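> Contents of query-v9.cif (mmCIF, C-alpha atoms) are given next:
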data_model
loop_
_atom_site.label_atom_id
_atom_site.label_comp_id
_atom_site.auth_asym_id
_atom_site.auth_seq_id
_atom_site.Cartn_x
_atom_site.Cartn_y
_atom_site.Cartn_z
CA MET A 25 -5.12 18.57 -27.92
CA SER A 26 -2.19 20.18 -26.14
CA ASP A 27 0.83 18.05 -25.26
CA ASN A 28 0.07 18.13 -21.56
CA VAL A 29 -3.57 17.17 -21.99
CA ASN A 30 -2.49 14.29 -24.16
CA LEU A 31 0.06 13.07 -21.63
CA PHE A 32 -2.53 13.45 -18.84
CA THR A 33 -5.07 11.33 -20.73
CA TYR A 34 -2.42 8.75 -21.59
CA LEU A 35 -1.40 8.46 -17.93
CA LEU A 36 -5.00 8.30 -16.77
CA ARG A 37 -5.78 5.36 -19.05
CA LEU A 38 -2.84 3.46 -17.68
CA ALA A 39 -3.58 4.38 -14.07
CA ASP A 40 -7.25 3.38 -14.46
CA ASP A 41 -6.25 -0.02 -15.84
CA HIS A 42 -4.21 -0.64 -12.72
CA LEU A 43 -6.70 0.73 -10.21
CA ILE A 44 -9.71 -1.17 -11.54
CA LEU A 45 -7.87 -4.46 -11.94
CA SER A 46 -6.43 -4.06 -8.46
CA GLN A 47 -9.89 -3.45 -7.01
CA ARG A 48 -11.16 -6.58 -8.74
CA LEU A 49 -8.32 -8.72 -7.35
CA GLY A 50 -8.88 -7.24 -3.91
CA GLU A 51 -12.35 -8.81 -3.94
CA TRP A 52 -10.62 -12.17 -3.54
CA CYS A 53 -9.06 -11.14 -0.26
CA SER A 54 -9.97 -13.79 2.34
CA ALA A 55 -11.98 -15.73 -0.25
CA ALA A 56 -9.27 -17.32 -2.45
CA PRO A 57 -9.03 -21.13 -2.81
CA THR A 58 -5.96 -21.42 -0.55
CA LEU A 59 -4.11 -19.18 1.88
CA GLU A 60 -1.08 -18.95 -0.41
CA GLU A 61 -3.29 -17.92 -3.30
CA ASP A 62 -5.05 -15.38 -1.13
CA LEU A 63 -1.66 -13.82 -0.42
CA ALA A 64 -0.66 -14.04 -4.07
CA LEU A 65 -3.76 -12.27 -5.42
CA ALA A 66 -3.55 -9.62 -2.70
CA ASN A 67 0.14 -9.10 -3.49
CA ILE A 68 -0.55 -8.70 -7.19
CA ALA A 69 -3.32 -6.24 -6.33
CA LEU A 70 -0.87 -4.36 -4.12
CA ASP A 71 1.72 -4.11 -6.91
CA LEU A 72 -0.99 -2.78 -9.20
CA ILE A 73 -2.26 -0.22 -6.71
CA GLY A 74 1.35 0.93 -6.16
CA GLN A 75 1.81 1.39 -9.88
CA ALA A 76 -1.56 3.16 -10.09
CA ARG A 77 -0.58 5.57 -7.32
CA SER A 78 2.63 6.58 -9.07
CA LEU A 79 0.71 7.10 -12.30
CA TYR A 80 -2.15 9.09 -10.72
CA SER A 81 0.24 11.30 -8.76
CA TYR A 82 2.17 12.06 -11.89
CA ALA A 83 -1.06 12.60 -13.88
CA GLY A 84 -2.17 15.11 -11.25
CA GLU A 85 1.11 17.02 -11.60
CA VAL A 86 0.87 17.02 -15.38
CA GLU A 87 -2.73 18.23 -15.30
CA GLY A 88 -1.71 21.08 -13.01
CA LYS A 89 -5.18 21.68 -11.57
CA GLY A 90 -4.33 20.61 -8.06
CA ARG A 91 -5.96 17.19 -8.24
CA ASP A 92 -4.04 14.57 -6.30
CA GLU A 93 -3.99 10.80 -6.63
CA ASP A 94 -7.03 10.35 -4.37
CA GLN A 95 -9.16 12.85 -6.22
CA LEU A 96 -8.33 11.21 -9.52
CA ALA A 97 -8.97 7.72 -8.19
CA PHE A 98 -12.13 8.40 -6.19
CA LEU A 99 -13.91 11.46 -7.50
CA ARG A 100 -14.63 10.85 -11.15
CA TYR A 101 -17.72 9.34 -12.79
CA GLU A 102 -18.00 6.17 -14.77
CA GLN A 103 -17.56 7.71 -18.21
CA ASP A 104 -14.43 9.55 -17.02
CA TYR A 105 -12.62 6.26 -16.39
CA LEU A 106 -10.51 5.16 -19.32
CA ASN A 107 -9.49 1.62 -18.36
CA ALA A 108 -9.56 -1.22 -20.87
CA LEU A 109 -12.75 -3.28 -20.58
CA ILE A 110 -10.94 -6.47 -19.65
CA THR A 111 -9.79 -4.99 -16.33
CA GLU A 112 -13.38 -4.45 -15.12
CA GLN A 113 -14.71 -7.91 -16.02
CA PRO A 114 -16.04 -9.79 -13.00
CA ASN A 115 -13.83 -12.23 -11.10
CA GLY A 116 -16.22 -15.05 -11.95
CA ASP A 117 -14.74 -18.32 -10.79
CA PHE A 118 -11.03 -18.77 -10.15
CA ALA A 119 -10.48 -19.76 -13.80
CA HIS A 120 -11.88 -16.43 -15.01
CA THR A 121 -9.69 -14.48 -12.59
CA ILE A 122 -6.59 -16.38 -13.67
CA VAL A 123 -7.28 -16.07 -17.40
CA ARG A 124 -8.01 -12.34 -17.08
CA GLN A 125 -4.79 -11.81 -15.14
CA PHE A 126 -2.79 -14.00 -17.51
CA PHE A 127 -4.01 -12.09 -20.59
CA ILE A 128 -3.19 -8.76 -18.96
CA SER A 129 0.17 -9.80 -17.48
CA ALA A 130 1.27 -11.22 -20.85
CA PHE A 131 0.52 -7.74 -22.20
CA MET A 132 2.08 -5.77 -19.35
CA VAL A 133 5.45 -7.54 -19.46
CA PRO A 134 6.41 -6.31 -22.96
CA PHE A 135 4.49 -3.05 -22.44
CA TRP A 136 6.48 -1.94 -19.40
CA ARG A 137 9.73 -3.23 -20.85
CA LYS A 138 9.24 -0.96 -23.86
CA MET A 139 8.13 1.88 -21.62
CA GLU A 140 11.54 1.79 -19.92
CA GLN A 141 12.79 3.53 -23.09
CA SER A 142 10.18 6.28 -22.78
CA ALA A 143 11.36 9.83 -23.40
CA ASP A 144 9.43 10.77 -20.27
CA GLU A 145 11.77 10.24 -17.34
CA THR A 146 9.03 9.60 -14.76
CA LEU A 147 7.23 7.08 -16.93
CA ALA A 148 10.52 5.34 -17.64
CA ALA A 149 11.26 5.13 -13.90
CA ILE A 150 7.80 3.74 -13.09
CA ALA A 151 8.32 1.24 -15.91
CA ALA A 152 11.74 0.11 -14.69
CA LYS A 153 10.17 -1.19 -11.52
CA ALA A 154 6.83 -2.32 -12.91
CA SER A 155 8.40 -4.45 -15.61
CA LYS A 156 10.10 -6.60 -12.98
CA GLU A 157 6.96 -6.81 -10.83
CA VAL A 158 4.69 -7.91 -13.67
CA ALA A 159 7.19 -10.63 -14.59
CA TYR A 160 6.21 -12.32 -11.32
CA HIS A 161 2.52 -11.91 -12.16
CA LEU A 162 3.00 -13.54 -15.53
CA ARG A 163 4.97 -16.43 -14.10
CA HIS A 164 2.41 -17.05 -11.37
CA THR A 165 -0.63 -16.93 -13.65
CA SER A 166 1.10 -19.02 -16.34
CA GLU A 167 1.66 -21.78 -13.80
CA TRP A 168 -2.04 -21.72 -12.91
CA VAL A 169 -3.16 -21.73 -16.54
CA ILE A 170 -1.08 -24.86 -17.13
CA ARG A 171 -2.18 -26.55 -13.93
CA LEU A 172 -5.88 -25.88 -14.48
CA GLY A 173 -5.95 -26.44 -18.26
CA ASP A 174 -4.07 -29.70 -18.00
CA GLY A 175 -5.81 -30.60 -14.74
CA THR A 176 -9.14 -32.29 -14.07
CA GLN A 177 -12.15 -32.42 -16.35
CA GLU A 178 -13.76 -29.76 -14.19
CA SER A 179 -10.83 -27.33 -14.12
CA ARG A 180 -10.29 -27.79 -17.84
CA SER A 181 -13.89 -27.05 -18.79
CA ARG A 182 -13.89 -23.97 -16.59
CA MET A 183 -10.71 -22.72 -18.25
CA ILE A 184 -12.24 -23.22 -21.70
CA GLU A 185 -15.27 -21.23 -20.63
CA ALA A 186 -13.10 -18.44 -19.18
CA LEU A 187 -11.06 -18.20 -22.39
CA ASP A 188 -14.28 -18.01 -24.41
CA ASP A 189 -15.69 -15.26 -22.21
CA LEU A 190 -12.58 -13.10 -21.97
CA VAL A 191 -10.79 -13.36 -25.31
CA ILE A 192 -13.12 -10.76 -26.87
CA TYR A 193 -11.68 -8.11 -24.55
CA THR A 194 -8.04 -8.66 -25.55
CA GLY A 195 -8.19 -6.80 -28.85
CA GLU A 196 -8.68 -3.44 -27.15
CA LEU A 197 -5.26 -3.73 -25.50
CA PHE A 198 -3.58 -3.42 -28.89
CA GLU A 199 -5.54 -0.47 -30.26
CA ASN A 200 -3.77 2.78 -31.05
CA ASP A 201 -6.05 5.82 -31.30
CA SER A 202 -5.14 9.48 -31.79
CA ILE A 203 -4.05 9.88 -28.15
CA ALA A 204 -1.82 6.82 -28.25
CA GLU A 205 -0.40 7.91 -31.60
CA ALA A 206 0.42 11.39 -30.29
CA ALA A 207 2.11 9.74 -27.30
CA ILE A 208 4.21 7.54 -29.59
CA GLU A 209 5.00 10.53 -31.79
CA ALA A 210 6.18 12.51 -28.74
CA GLY A 211 8.41 9.63 -27.68
CA TYR A 212 6.81 8.79 -24.34
CA GLY A 213 4.19 6.26 -25.42
CA VAL A 214 4.46 2.60 -26.34
CA ASP A 215 3.29 1.44 -29.75
CA VAL A 216 1.10 -1.46 -28.59
CA SER A 217 0.83 -2.85 -32.11
CA GLU A 218 4.52 -3.74 -31.80
CA ILE A 219 4.00 -5.97 -28.78
CA LYS A 220 1.12 -7.98 -30.24
CA ASP A 221 3.47 -10.66 -31.64
CA GLU A 222 5.09 -11.20 -28.27
CA TRP A 223 1.68 -11.44 -26.57
CA ASP A 224 0.50 -13.94 -29.20
CA HIS A 225 3.63 -15.98 -28.67
CA THR A 226 3.45 -15.97 -24.85
CA VAL A 227 -0.24 -16.85 -24.81
CA ALA A 228 0.11 -19.57 -27.45
CA SER A 229 3.05 -21.27 -25.78
CA VAL A 230 1.48 -21.31 -22.30
CA LEU A 231 -1.87 -22.49 -23.67
CA ARG A 232 -0.12 -25.21 -25.66
CA GLU A 233 1.47 -26.49 -22.48
CA ALA A 234 -1.95 -26.29 -20.80
CA THR A 235 -3.46 -28.32 -23.69
CA LEU A 236 -5.79 -25.38 -24.34
CA GLU A 237 -6.42 -23.24 -27.38
CA LEU A 238 -7.13 -19.57 -27.83
CA PRO A 239 -10.64 -19.33 -29.31
CA SER A 240 -10.83 -17.47 -32.59
CA VAL A 241 -12.75 -14.20 -32.48
CA ARG A 242 -14.67 -12.37 -35.17
CA HIS A 243 -15.35 -9.20 -33.27
CA MET A 244 -13.46 -7.66 -30.37
CA GLN A 245 -15.19 -5.53 -27.73
CA THR A 246 -13.86 -2.03 -27.29
CA GLY A 247 -14.78 1.34 -25.80
CA GLY A 248 -13.09 1.63 -22.41
CA ARG A 249 -10.41 4.03 -23.67
CA SER A 250 -13.09 6.55 -24.52
CA GLY A 251 -15.19 5.98 -21.40
CA ARG A 252 -17.73 3.54 -22.84
CA HIS A 253 -17.84 0.70 -20.35
CA THR A 254 -19.54 -2.59 -19.67
CA GLU A 255 -22.24 -2.60 -17.01
CA HIS A 256 -19.74 -3.79 -14.42
CA LEU A 257 -17.73 -0.60 -13.91
CA GLY A 258 -20.49 1.32 -12.16
CA HIS A 259 -20.80 -1.41 -9.55
CA ILE A 260 -17.06 -1.42 -8.94
CA LEU A 261 -17.07 2.35 -8.49
CA SER A 262 -20.00 2.32 -6.09
CA GLU A 263 -17.95 0.15 -3.78
CA LEU A 264 -14.60 1.80 -4.48
CA GLN A 265 -15.86 5.34 -4.02
CA TYR A 266 -18.35 4.84 -1.23
CA MET A 267 -16.28 6.35 1.59
CA GLN A 268 -15.21 9.43 -0.38
CA ARG A 269 -18.76 10.04 -1.56
CA ALA A 270 -20.29 9.55 1.88
CA TYR A 271 -17.59 11.51 3.72
CA PRO A 272 -16.03 13.89 1.16
CA GLY A 273 -12.38 14.62 1.83
CA MET A 274 -12.06 12.04 4.58
CA SER A 275 -8.60 10.67 5.27
CA TRP A 276 -7.24 7.89 7.46
CA MET B 8 37.63 35.42 1.71
CA VAL B 9 38.84 32.17 0.20
CA GLU B 10 39.33 30.87 3.69
CA THR B 11 35.77 31.81 4.71
CA VAL B 12 34.34 29.92 1.74
CA ALA B 13 36.44 26.89 2.63
CA ILE B 14 35.22 26.96 6.22
CA LYS B 15 31.62 27.31 5.07
CA GLU B 16 32.02 24.34 2.73
CA ARG B 17 33.60 22.30 5.44
CA SER B 18 30.77 23.03 7.83
CA GLU B 19 28.21 22.24 5.12
CA ASP B 20 29.91 18.92 4.56
CA ALA B 21 29.85 18.27 8.28
CA THR B 22 26.15 19.14 8.48
CA ARG B 23 25.35 16.85 5.58
CA ALA B 24 27.40 14.06 7.10
CA ALA B 25 25.67 14.48 10.47
CA ALA B 26 22.24 14.43 8.84
CA TRP B 27 23.22 11.37 6.81
CA GLN B 28 24.17 9.57 10.04
CA VAL B 29 20.77 10.33 11.52
CA ALA B 30 18.72 9.42 8.45
CA ALA B 31 20.79 6.36 7.60
CA SER B 32 20.18 4.73 10.96
CA VAL B 33 16.38 4.68 10.57
CA PRO B 34 15.26 1.03 10.62
CA ASP B 35 12.92 -0.54 8.10
CA PRO B 36 9.50 -0.71 9.83
CA GLU B 37 8.81 -4.24 8.55
CA ILE B 38 12.30 -5.68 8.96
CA PRO B 39 13.81 -3.66 11.81
CA VAL B 40 17.22 -5.37 11.67
CA VAL B 41 18.11 -3.48 8.50
CA THR B 42 18.33 0.28 8.08
CA VAL B 43 17.29 2.44 5.16
CA GLU B 44 21.00 2.71 4.36
CA ASP B 45 21.43 -1.09 4.28
CA LEU B 46 18.49 -1.34 1.90
CA GLY B 47 19.77 1.40 -0.38
CA ILE B 48 16.61 3.44 0.08
CA LEU B 49 18.36 6.61 1.27
CA ARG B 50 19.66 8.25 -1.90
CA SER B 51 21.20 11.49 -0.80
CA ILE B 52 21.26 14.27 1.78
CA GLU B 53 21.51 17.76 0.38
CA LEU B 54 21.50 21.24 1.84
CA ASP B 55 19.01 23.74 0.51
CA PRO B 56 20.32 27.27 -0.06
CA ASP B 57 18.32 28.29 3.03
CA GLY B 58 20.25 25.74 5.07
CA SER B 59 17.55 23.12 5.51
CA ILE B 60 18.24 19.44 4.96
CA VAL B 61 16.66 17.59 2.04
CA ALA B 62 16.71 13.81 2.30
CA SER B 63 15.99 11.92 -0.92
CA VAL B 64 14.53 8.46 -0.57
CA THR B 65 13.40 5.99 -3.18
CA PRO B 66 10.43 3.64 -3.00
CA THR B 67 11.17 -0.09 -3.16
CA TYR B 68 8.33 -2.24 -4.48
CA SER B 69 5.63 -0.10 -6.15
CA GLY B 70 2.99 -1.22 -3.69
CA CYS B 71 5.09 -1.33 -0.54
CA PRO B 72 3.01 0.26 2.24
CA ALA B 73 6.18 0.83 4.26
CA THR B 74 7.37 3.50 1.83
CA GLN B 75 5.31 6.30 3.37
CA MET B 76 6.11 5.09 6.85
CA ILE B 77 9.83 5.20 6.06
CA GLN B 78 9.58 8.76 4.77
CA GLN B 79 7.78 9.80 7.93
CA MET B 80 10.35 8.07 10.14
CA VAL B 81 13.30 9.68 8.31
CA LEU B 82 11.65 13.07 8.67
CA GLU B 83 10.97 12.60 12.38
CA ALA B 84 14.50 11.33 13.04
CA LEU B 85 15.97 14.40 11.37
CA GLN B 86 13.67 16.76 13.25
CA ARG B 87 14.45 15.10 16.57
CA SER B 88 18.15 15.62 15.92
CA GLY B 89 17.75 19.35 15.41
CA PHE B 90 17.22 19.55 11.66
CA GLU B 91 13.88 21.27 12.16
CA ASN B 92 13.31 22.36 8.59
CA ALA B 93 14.21 19.02 7.09
CA ARG B 94 12.24 17.75 4.11
CA VAL B 95 11.97 14.33 2.53
CA GLU B 96 11.68 13.99 -1.23
CA THR B 97 10.78 10.94 -3.29
CA VAL B 98 13.10 10.07 -6.15
CA LEU B 99 11.78 7.58 -8.71
CA SER B 100 14.67 7.50 -11.16
CA PRO B 101 16.76 5.41 -11.38
CA ALA B 102 14.41 2.75 -10.02
CA TRP B 103 15.43 0.92 -6.87
CA SER B 104 16.62 -2.65 -7.26
CA THR B 105 17.49 -5.37 -4.76
CA ASP B 106 21.05 -5.05 -6.12
CA TRP B 107 21.26 -1.91 -3.99
CA ILE B 108 21.00 -3.81 -0.73
CA SER B 109 24.48 -3.70 0.79
CA ASP B 110 26.42 -6.86 1.64
CA ALA B 111 26.08 -5.95 5.31
CA GLY B 112 22.33 -5.62 4.80
CA LYS B 113 22.14 -9.03 3.11
CA GLU B 114 24.02 -10.62 6.00
CA LYS B 115 21.66 -8.97 8.51
CA LEU B 116 18.66 -10.32 6.60
CA ARG B 117 20.11 -13.82 6.62
CA ALA B 118 20.86 -13.69 10.34
CA TYR B 119 17.26 -12.55 10.90
CA GLY B 120 15.94 -15.61 9.07
CA ILE B 121 15.18 -14.05 5.70
CA ALA B 122 17.10 -15.43 2.73
CA PRO B 123 18.59 -12.41 0.92
CA PRO B 124 18.09 -11.90 -2.84
CA GLN B 125 20.64 -14.10 -4.52
CA GLN B 126 21.16 -13.04 -8.08
CA SER B 127 21.44 -9.87 -9.93
CA SER B 128 17.86 -8.80 -10.53
CA ASN B 129 18.70 -7.97 -14.13
CA SER B 130 19.29 -11.59 -14.88
CA LYS B 131 16.34 -13.18 -16.59
CA ARG B 132 17.13 -16.36 -14.71
CA ALA B 133 16.39 -14.56 -11.45
CA LEU B 134 12.84 -13.96 -12.64
CA PHE B 135 11.98 -17.03 -14.64
CA GLY B 136 14.50 -19.74 -13.97
CA GLU B 137 14.96 -21.99 -11.01
CA THR B 138 16.33 -19.82 -8.26
CA ALA B 139 18.54 -21.75 -5.87
CA VAL B 140 17.83 -20.24 -2.48
CA ASN B 141 19.90 -21.32 0.50
CA CYS B 142 18.11 -21.87 3.81
CA PRO B 143 18.93 -18.94 6.14
CA HIS B 144 18.75 -21.29 9.15
CA CYS B 145 20.91 -24.29 8.23
CA GLY B 146 22.48 -23.14 4.96
CA ALA B 147 21.23 -26.11 2.95
CA SER B 148 20.53 -25.53 -0.74
CA ASN B 149 17.82 -28.18 -0.85
CA THR B 150 14.86 -25.81 -0.52
CA GLU B 151 11.55 -25.43 -2.30
CA ARG B 152 9.26 -22.55 -3.08
CA VAL B 153 5.92 -22.79 -1.32
CA SER B 154 4.48 -19.61 -2.77
CA GLU B 155 5.69 -16.88 -5.10
CA PHE B 156 4.08 -14.28 -2.86
CA GLY B 157 4.58 -13.92 0.86
CA SER B 158 3.63 -11.78 3.82
CA THR B 159 4.88 -8.55 2.23
CA PRO B 160 5.38 -7.49 -1.40
CA CYS B 161 9.12 -8.12 -1.15
CA LYS B 162 8.99 -11.71 0.04
CA ALA B 163 8.28 -15.22 -1.23
CA LEU B 164 7.59 -18.25 0.95
CA TYR B 165 10.10 -21.11 0.98
CA ARG B 166 10.66 -24.30 2.91
CA CYS B 167 13.92 -26.06 3.69
CA ASN B 168 13.89 -29.75 2.85
CA SER B 169 16.89 -30.32 5.04
CA CYS B 170 15.94 -28.75 8.40
CA ARG B 171 12.21 -28.55 7.48
CA GLU B 172 11.94 -24.93 8.60
CA PRO B 173 9.80 -22.53 6.56
CA PHE B 174 11.41 -19.20 5.72
CA ASP B 175 10.95 -15.97 3.76
CA TYR B 176 12.99 -15.19 0.68
CA PHE B 177 13.59 -11.55 -0.24
CA LYS B 178 12.60 -11.50 -3.90
CA CYS B 179 14.82 -10.06 -6.59
CA LEU B 180 13.55 -6.86 -8.11
#
What does this structure look like when you write it as structure tokens?

Amino acid sequence: MSDNVNLFTYLLRLADDHLILSQRLGEWCSAAPTLEEDLALANIALDLIGQARSLYSYAGEVEGKGRDEDQLAFLRYEQDYLNALITEQPNGDFAHTIVRQFFISAFMVPFWRKMEQSADETLAAIAAKASKEVAYHLRHTSEWVIRLGDGTQESRSRMIEALDDLVIYTGELFENDSIAEAAIEAGYGVDVSEIKDEWDHTVASVLREATLELPSVRHMQTGGRSGRHTEHLGHILSELQYMQRAYPGMSW
Amino acid sequence: MVETVAIKERSEDATRAAAWQVAASVPDPEIPVVTVEDLGILRSIELDPDGSIVASVTPTYSGCPATQMIQQMVLEALQRSGFENARVETVLSPAWSTDWISDAGKEKLRAYGIAPPQQSSNSKRALFGETAVNCPHCGASNTERVSEFGSTPCKALYRCNSCREPFDYFKCL
């Protein structure tokens, strides 16, 4: 794989993570438990879509085939998306949304911080901003994890269920395959195996305060990085892509 | 010859300075009391070899919808002032930070009712610790955070326990 193709794929994975998760969070808009939380989830979604846009635009430049951010976001098929499976999992109840976001934010904080040292100047610049933005996401979701875990019988049991359902998708975040390894080798990628300890520590300490425990897992789900998705992604795309499919090339 | 070059440089400087004046005075579309210069969004004004003006601007928060609007407004302002071939370029590196908001800009925010970012955004305390935010209305420090996220990506919601007024806080980034 040529250097540029590798960088393109690496960027696309990252951009897809952000786009799909953002789309999921956007589903809460006007339906969140409180007005403040509605704003919070929409704001987090907005940060993610901003980060996705920078990544897609850059990916389009690197690819050099004239595809822009919109074409990359809207005009690919399911198996062409390379997001981690956890980002496409359904919102479920509020506990599921919070646990999903907490797991991912606890990953993104050290990920973007390391990416600030990337040999790729554009990636480093995107990271410099993103790492501060995701710090807010982690703080916000940590507060909810504690409040709900150490809350009522109902909120606690829902949190336990959400942890059980979602923990199997966390392993994929820390996988390095040949594309990730080439990115690390070239100096622009983050070695995700190196941030696993920090993730473990963050998750354990917040869960401890929430009087919850991370369930132990025998087998982690994986496949998103190579385009093998859960059944949920197709449904997300049908909604996300509807306008561009119905009216190709439309713009606001 | 030397003199001609000097005159040309002087006139290039004057052109750049004039274009800077025009671009710098563009207001933020969301918070019109501050300009792109106050916010530190306008990075530079350069002259292309063909004589056209290139304004470099930097995005603030990754998801800020005002970013594109600001670029468009800077471009239109330059064109209206006779810089017909002006262009606007986006510069990502180094990444914008709230530290770049000028003191004048912070004071304008406060007078408008938005508490300006208080600490250096590089400080971990600014992100995770208890941020003491003074009420922009009465100045009291006895305030509480209502929500981490507010009406725009750059703001959090606060309430003053002294004068009881709610207010926006411009978050550190």
> Between atom CA of Asp41 of chain A and atom CA of Ile208 of chain A, what is the spacing in Å?
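Between atom CA of Ile208 of chain A and atom CA of Asp41 of chain A the gap is 18.9 Å.
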> Would you list which chain B residues are within 9 Å of chain A using all atoms listed in the file, as JSON, numbers by chain?
{"B": [67, 68, 69, 70, 71, 72, 99, 100, 101, 102, 103, 104, 128, 129, 134, 135, 153, 154, 155, 156, 157, 158, 159, 160, 164, 179, 180]}
> Give me the residues within 6 Å of segment 138-150 of chain B as a list of chain:residue names, counting only C-alpha atoms and dropping any in the same chain fewer than 3 places off.
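What passes the distance filter is B:Arg117, B:Gly120, B:Ala122, B:Arg166, B:Cys167, B:Asn168.
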> Could you please determine the separation between atom CA of Val241 of chain A and atom CA of Arg124 of chain A in Å, to one decimal place?
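Going from atom CA of Val241 of chain A over to atom CA of Arg124 of chain A, I get 16.2 Å.
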> Take the point (-11.2, 8.6, -21.6) in the file's coordinates, draw a sphere of radius 7 Å around it, and report as a PDB file with C-alpha atoms, in the frame of the given file every protein, DNA or RNA residue with an atom inside or on it, counting only C-alpha atoms.

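Dumped to point_21.pdb:
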ATOM      1  CA  THR A  33      -5.070  11.330 -20.730  1.00  0.00           C
ATOM      2  CA  ARG A  37      -5.780   5.360 -19.050  1.00  0.00           C
ATOM      3  CA  ASP A 104     -14.430   9.550 -17.020  1.00  0.00           C
ATOM      4  CA  TYR A 105     -12.620   6.260 -16.390  1.00  0.00           C
ATOM      5  CA  LEU A 106     -10.510   5.160 -19.320  1.00  0.00           C
ATOM      6  CA  ARG A 249     -10.410   4.030 -23.670  1.00  0.00           C
ATOM      7  CA  SER A 250     -13.090   6.550 -24.520  1.00  0.00           C
ATOM      8  CA  GLY A 251     -15.190   5.980 -21.400  1.00  0.00           C
TER       9      GLY A 251
END
> Could you give me, as a ChimeraX atom specification, the residues within 10 Å of segment 112-120 of chain A, counting all atoms listed in the file and dropping anything in the same chain fewer than 6 positions from it?
/A:40-41,43-49,51-52,56-57,126,168-169,172-173,179-190,193,248,253-260
> Using all atoms listed in the file for the distances, tell me which of B:Gln125, B:Ser59, B:Thr97, B:Ser18 is nearest to Lys113 of chain B.
B:Gln125
> Could I see segment 29-45 of chain B restored to N, CA and C atoms, set down as a short mmCIF file (atom, residue, chain, number, x, y, z; two decimals), keeping the file's coordinate frame?

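Listing of part33.cif after writing:
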data_model
loop_
_atom_site.label_atom_id
_atom_site.label_comp_id
_atom_site.auth_asym_id
_atom_site.auth_seq_id
_atom_site.Cartn_x
_atom_site.Cartn_y
_atom_site.Cartn_z
N VAL B 29 22.08 10.42 10.87
CA VAL B 29 20.77 10.33 11.52
C VAL B 29 19.78 9.58 10.63
N ALA B 30 19.70 10.02 9.36
CA ALA B 30 18.72 9.42 8.45
C ALA B 30 19.06 7.97 8.15
N ALA B 31 20.36 7.70 8.01
CA ALA B 31 20.79 6.36 7.60
C ALA B 31 20.47 5.31 8.65
N SER B 32 20.38 5.72 9.90
CA SER B 32 20.18 4.73 10.96
C SER B 32 18.72 4.38 11.19
N VAL B 33 17.81 5.00 10.42
CA VAL B 33 16.38 4.68 10.57
C VAL B 33 16.14 3.24 10.13
N PRO B 34 15.50 2.43 10.99
CA PRO B 34 15.26 1.03 10.62
C PRO B 34 14.07 0.88 9.67
N ASP B 35 14.08 -0.20 8.92
CA ASP B 35 12.92 -0.54 8.10
C ASP B 35 11.79 -0.95 9.05
N PRO B 36 10.58 -0.40 8.87
CA PRO B 36 9.50 -0.71 9.83
C PRO B 36 9.06 -2.18 9.80
N GLU B 37 9.23 -2.84 8.65
CA GLU B 37 8.81 -4.24 8.55
C GLU B 37 9.92 -5.19 9.00
N ILE B 38 11.15 -4.83 8.66
CA ILE B 38 12.30 -5.68 8.96
C ILE B 38 13.30 -4.84 9.76
N PRO B 39 13.06 -4.67 11.05
CA PRO B 39 13.81 -3.66 11.81
C PRO B 39 15.31 -3.94 11.98
N VAL B 40 15.77 -5.12 11.55
CA VAL B 40 17.22 -5.37 11.67
C VAL B 40 18.03 -4.64 10.60
N VAL B 41 17.38 -4.22 9.54
CA VAL B 41 18.11 -3.48 8.50
C VAL B 41 17.69 -2.01 8.49
N THR B 42 18.61 -1.16 8.13
CA THR B 42 18.33 0.28 8.08
C THR B 42 18.03 0.70 6.64
N VAL B 43 17.55 1.92 6.51
CA VAL B 43 17.29 2.44 5.16
C VAL B 43 18.59 2.53 4.36
N GLU B 44 19.71 2.68 5.06
CA GLU B 44 21.00 2.71 4.36
C GLU B 44 21.35 1.31 3.85
N ASP B 45 21.17 0.29 4.70
CA ASP B 45 21.43 -1.09 4.28
C ASP B 45 20.63 -1.44 3.02
#
